[in-house]
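Read the structure below first, then the notes.
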Amino acid sequence: MKRKKLLEVLGRFLDKKKRKKRKHLDELETLLAKLDTKEVELKEKISTEKNKHKHERLSKELQIVDAQLAKGYKTLQKLKKP
């Protein structure tokens, strides 16, 4: 790499705002991945659950997870914009 390119790369590593934004993005992506797995688990539990009350509780929990996922993906898209 040439000197100018190296300085640009170094600047990205040293820029506090960009590092903080990158860290926030990484944490958000990790959280969304966990929510995705929780959503799959809830769907599996709902499909096998026979008890009406437990089924309703799991359905409400699934709705909450879906809402959190939607908000998370919307926030992620906003943060990824330059």
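Chain lettering (A, B, ...) mirrors the order of the structure tokens, residue numbering begins at 1 for each chain separately, and ligand numbering begins at 1 in order of display.
If you count only C-alpha atoms and ignore residues fewer than 4 places along the chain from range 51-63 of chain A, what sits within 10 Å of it is Lys38, Glu39, Val40, Glu41, Leu42, Lys43, Lys45, Ile46, Ser47, Ala67, Gln68 and Leu69 of chain A.
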Extract, using only C-alpha atoms, all DNA, RNA and protein residues at most 8 Å from range 19-33 of chain A, discarding same-chain residues fewer than 3 positions from it, and format them as a PDB file with N, CA and C atoms, in the first residue's frame.
```pdb
ATOM      1  N   ARG A  12      -8.769   5.541  10.190  1.00  0.00           N
ATOM      2  CA  ARG A  12     -10.003   4.839  10.550  1.00  0.00           C
ATOM      3  C   ARG A  12      -9.863   4.120  11.891  1.00  0.00           C
ATOM      4  N   PHE A  13      -8.686   3.560  12.140  1.00  0.00           N
ATOM      5  CA  PHE A  13      -8.472   2.863  13.401  1.00  0.00           C
ATOM      6  C   PHE A  13      -8.395   3.835  14.574  1.00  0.00           C
ATOM      7  N   LEU A  14      -7.884   5.004  14.334  1.00  0.00           N
ATOM      8  CA  LEU A  14      -7.681   5.958  15.418  1.00  0.00           C
ATOM      9  C   LEU A  14      -8.878   6.876  15.651  1.00  0.00           C
ATOM     10  N   ASP A  15      -9.796   6.931  14.735  1.00  0.00           N
ATOM     11  CA  ASP A  15     -10.959   7.805  14.882  1.00  0.00           C
ATOM     12  C   ASP A  15     -11.898   7.235  15.945  1.00  0.00           C
ATOM     13  N   LYS A  16     -12.038   7.966  17.041  1.00  0.00           N
ATOM     14  CA  LYS A  16     -12.817   7.489  18.184  1.00  0.00           C
ATOM     15  C   LYS A  16     -14.297   7.311  17.842  1.00  0.00           C
ATOM     16  N   ASP A  36     -32.780 -13.771  16.785  1.00  0.00           N
ATOM     17  CA  ASP A  36     -33.176 -14.686  15.703  1.00  0.00           C
ATOM     18  C   ASP A  36     -33.268 -16.127  16.207  1.00  0.00           C
ATOM     19  N   THR A  37     -32.273 -16.548  16.973  1.00  0.00           N
ATOM     20  CA  THR A  37     -32.306 -17.916  17.488  1.00  0.00           C
ATOM     21  C   THR A  37     -33.442 -18.091  18.485  1.00  0.00           C
ATOM     22  N   LEU A  69     -36.964  -7.405  16.974  1.00  0.00           N
ATOM     23  CA  LEU A  69     -36.175  -7.660  15.766  1.00  0.00           C
ATOM     24  C   LEU A  69     -36.411  -6.576  14.719  1.00  0.00           C
ATOM     25  N   GLY A  72     -34.669  -3.491  15.804  1.00  0.00           N
ATOM     26  CA  GLY A  72     -33.225  -3.678  15.715  1.00  0.00           C
ATOM     27  C   GLY A  72     -32.713  -3.583  14.290  1.00  0.00           C
ATOM     28  N   TYR A  73     -33.426  -4.227  13.357  1.00  0.00           N
ATOM     29  CA  TYR A  73     -32.993  -4.167  11.956  1.00  0.00           C
ATOM     30  C   TYR A  73     -33.142  -2.750  11.391  1.00  0.00           C
ATOM     31  N   LEU A  76     -30.239  -0.837  12.747  1.00  0.00           N
ATOM     32  CA  LEU A  76     -29.020  -1.287  12.078  1.00  0.00           C
ATOM     33  C   LEU A  76     -28.876  -0.637  10.706  1.00  0.00           C
ATOM     34  N   LEU A  79     -27.776   2.939  11.148  1.00  0.00           N
ATOM     35  CA  LEU A  79     -26.384   3.076  11.557  1.00  0.00           C
ATOM     36  C   LEU A  79     -25.419   2.749  10.429  1.00  0.00           C
ATOM     37  N   LYS A  80     -25.825   1.892   9.516  1.00  0.00           N
ATOM     38  CA  LYS A  80     -24.943   1.511   8.408  1.00  0.00           C
ATOM     39  C   LYS A  80     -24.862   2.561   7.325  1.00  0.00           C
TER      40      LYS A  80
END
```
